[in-house]
Amino acid sequence: MIDLDQLLRRFAGLERAELVRWVENRWVLPDETGGRWVFGEVDIARIDLILHVRQDFAVGDDAMEVVLGLLDQVYGLRRQMARLCDALAAQPPEVQASIRRALPKGGDR
Amino acid sequence: MAETPYQVLGVKNDASSDDIRTAYRKLAKQLHPDLNPGKPEAEARFKAVAAAYDLLSDSDKRGRYDRGEIDETGAERPRYSYRPHAEGAQGRKYDPQGGMGAEDLDDLFAMFGGRGRRGRTAEGMSMPGGDRLFSLTVDFAEAATGARKRLSLSPDESLDVTIPPGIDEGQVLRLKGKGGPGYGAGPAGDALIEIHIAPHPFFRRVGDDIHIELPVSISEAVLGGRVAVPTVTGPVTMTIPKGSDAGAQLRLRGKGSQKKGRAGDQYVTLKIVIGAPDDPDLAKFLETWPGRHKGDPRRGMGEKGGTG
């Protein structure tokens, strides 16, 4: 966990006002302790990602909103999928076999 | 944490390259070792300024530093990969389904548009119909050679099923689109047909081969001869060699299960039958047969029999 000043030193190309706007847009969700923002690994990785997407694909603020929204949906789905897979993997073989049979063949759906 | 090169040079992060050059020259003059003999801290500072200028005066390096790709010494920083973080426990706060959980299976079903145990189906939703399970019993020979069967699904619905040759007991055939109707624009489910093979009075399947026990008379066994043998494709004539013993096994190549590409064999095991149990002519013949006392067929079975 690092604070805002450490974060800004870590990403020299990132302006304070810019980061504040990102937090206000809820693109980045730092934790708050004693009225100060602290950034965890996931937040740092996310800021890194936003900086790169902006730089590499010339994505502006409006498009960034869409990109992050879709990205979060994908990871949300992956998370649910992982839960489902864990639950399936915990089933006895005959239950797994019957689920396998019930799965439409690839591309049907 | 170390100072940034911008801080070392005392310029803002968005300083122009001219600003940076000016700041560097000013500091370099102040801190030059020749002008500060005996002041190691000035020398260290001078080196830091030179390093900072080296990084910031190169627009490529400066850009990489600004994006966090290299640190203030010019060393590569490990590139952050977002995925492991996003999928980790911390990433939950960015999940639009949120920490709200989807703890229940029904939430998952709702999320993916499936049917939960409450059986709800969302309006206008499309999903494939369910599979229907049937069972079909085929004759022994049909299973071995293949067949076309008609399966009654209901009084007014039937299905033509092609039984591939060499099908095995319990094998399931899938007929695409013959199951329950789809929901909305979804495709119909499949019909799953489990095949059972009716037992046969004298054929037995062992893998792709067929085994049969063939009764032969004493004279056919002793003298040999040509006999008709049933197979799944109809009777064939087989030669019994002279002097065949009971239990002898003969092979009819390619007369087994007709699996695509290769057929199994039929194995014929001879079983000698004496015919009429009280044939006085046969009894009389054997009583006068000179060889009747020669050899002991139970030789090697031991005195007490069975346990030998």
# chains A, B, ... in the order shown; residues from 1 in each chain; ligands from 1

$ closest_atom_pairs --of "segment 38-108 of chain A" --to "segment 13-25 of chain A" --cutoff "10 Å" --atoms "only C-alpha atoms" --output "CSV"
residue,atom,partner,partner_atom,distance
A:Ile47,CA,A:Leu19,CA,8.7
A:Asp48,CA,A:Leu14,CA,9.9
A:Ile50,CA,A:Trp22,CA,9.7
A:Leu51,CA,A:Leu14,CA,8.1
A:Asp61,CA,A:Trp22,CA,9.4
A:Glu65,CA,A:Asn25,CA,8.6

$ closest_atom_pairs --of "chain A" --to "chain B" --cutoff "9 Å" --atoms "only C-alpha atoms" --output "Markdown table"
| residue | atom | partner | partner_atom | distance |
| --- | --- | --- | --- | --- |
| A:Gln6 | CA | B:Met1 | CA | 7.3 |
| A:Arg9 | CA | B:Thr4 | CA | 6.4 |
| A:Arg10 | CA | B:Gly68 | CA | 6.5 |
| A:Phe11 | CA | B:Gly68 | CA | 5.2 |
| A:Ala12 | CA | B:Asp66 | CA | 4.6 |
| A:Gly13 | CA | B:Asp66 | CA | 4.0 |
| A:Leu14 | CA | B:Asp66 | CA | 7.4 |
| A:Glu15 | CA | B:Asn13 | CA | 8.3 |
| A:Trp27 | CA | B:Tyr94 | CA | 8.5 |
| A:Val28 | CA | B:Tyr94 | CA | 8.4 |
| A:Leu29 | CA | B:Lys93 | CA | 7.7 |
| A:Gly40 | CA | B:Gln90 | CA | 8.2 |
| A:Glu41 | CA | B:His85 | CA | 7.1 |
| A:Val42 | CA | B:His85 | CA | 5.0 |
| A:Asp43 | CA | B:His85 | CA | 8.6 |
| A:Ile44 | CA | B:Tyr80 | CA | 8.1 |
| A:Ala45 | CA | B:Tyr82 | CA | 5.2 |
| A:Arg46 | CA | B:Tyr82 | CA | 6.1 |
| A:Asp48 | CA | B:Tyr80 | CA | 6.7 |
| A:Leu49 | CA | B:Tyr82 | CA | 6.7 |
| A:Leu51 | CA | B:Arg67 | CA | 6.8 |
| A:His52 | CA | B:Arg67 | CA | 7.4 |
| A:Gln55 | CA | B:Arg67 | CA | 8.7 |
| A:Gly69 | CA | B:Pro96 | CA | 8.2 |
| A:Asp72 | CA | B:Asp95 | CA | 5.6 |
| A:Gln73 | CA | B:Pro96 | CA | 6.2 |
| A:Val74 | CA | B:Asp95 | CA | 8.8 |
| A:Tyr75 | CA | B:Glu87 | CA | 6.5 |
| A:Gly76 | CA | B:Asp95 | CA | 4.9 |
| A:Leu77 | CA | B:Gln97 | CA | 8.6 |
| A:Arg78 | CA | B:Glu87 | CA | 7.7 |
| A:Arg79 | CA | B:Glu87 | CA | 6.4 |
| A:Gln80 | CA | B:Leu108 | CA | 7.5 |
| A:Leu84 | CA | B:Leu108 | CA | 8.4 |
| A:Ala102 | CA | B:Asp131 | CA | 7.3 |
| A:Pro104 | CA | B:Pro128 | CA | 7.9 |
| A:Asp108 | CA | B:Pro187 | CA | 8.0 |
| A:Arg109 | CA | B:Met127 | CA | 7.6 |

$ residues_around --residues "Pro33 of chain B" --least-positions-apart "6" --cutoff "9 Å" --atoms "only C-alpha atoms" --output "list in words"
Lys39, Pro40, Ala42, Glu43 and Phe46 of chain B

$ closest_residue --among "B:Pro155, B:Gly224, B:Gly256, B:Pro181" --to "Ala143 of chain B" --atoms "only C-alpha atoms"
B:Gly256
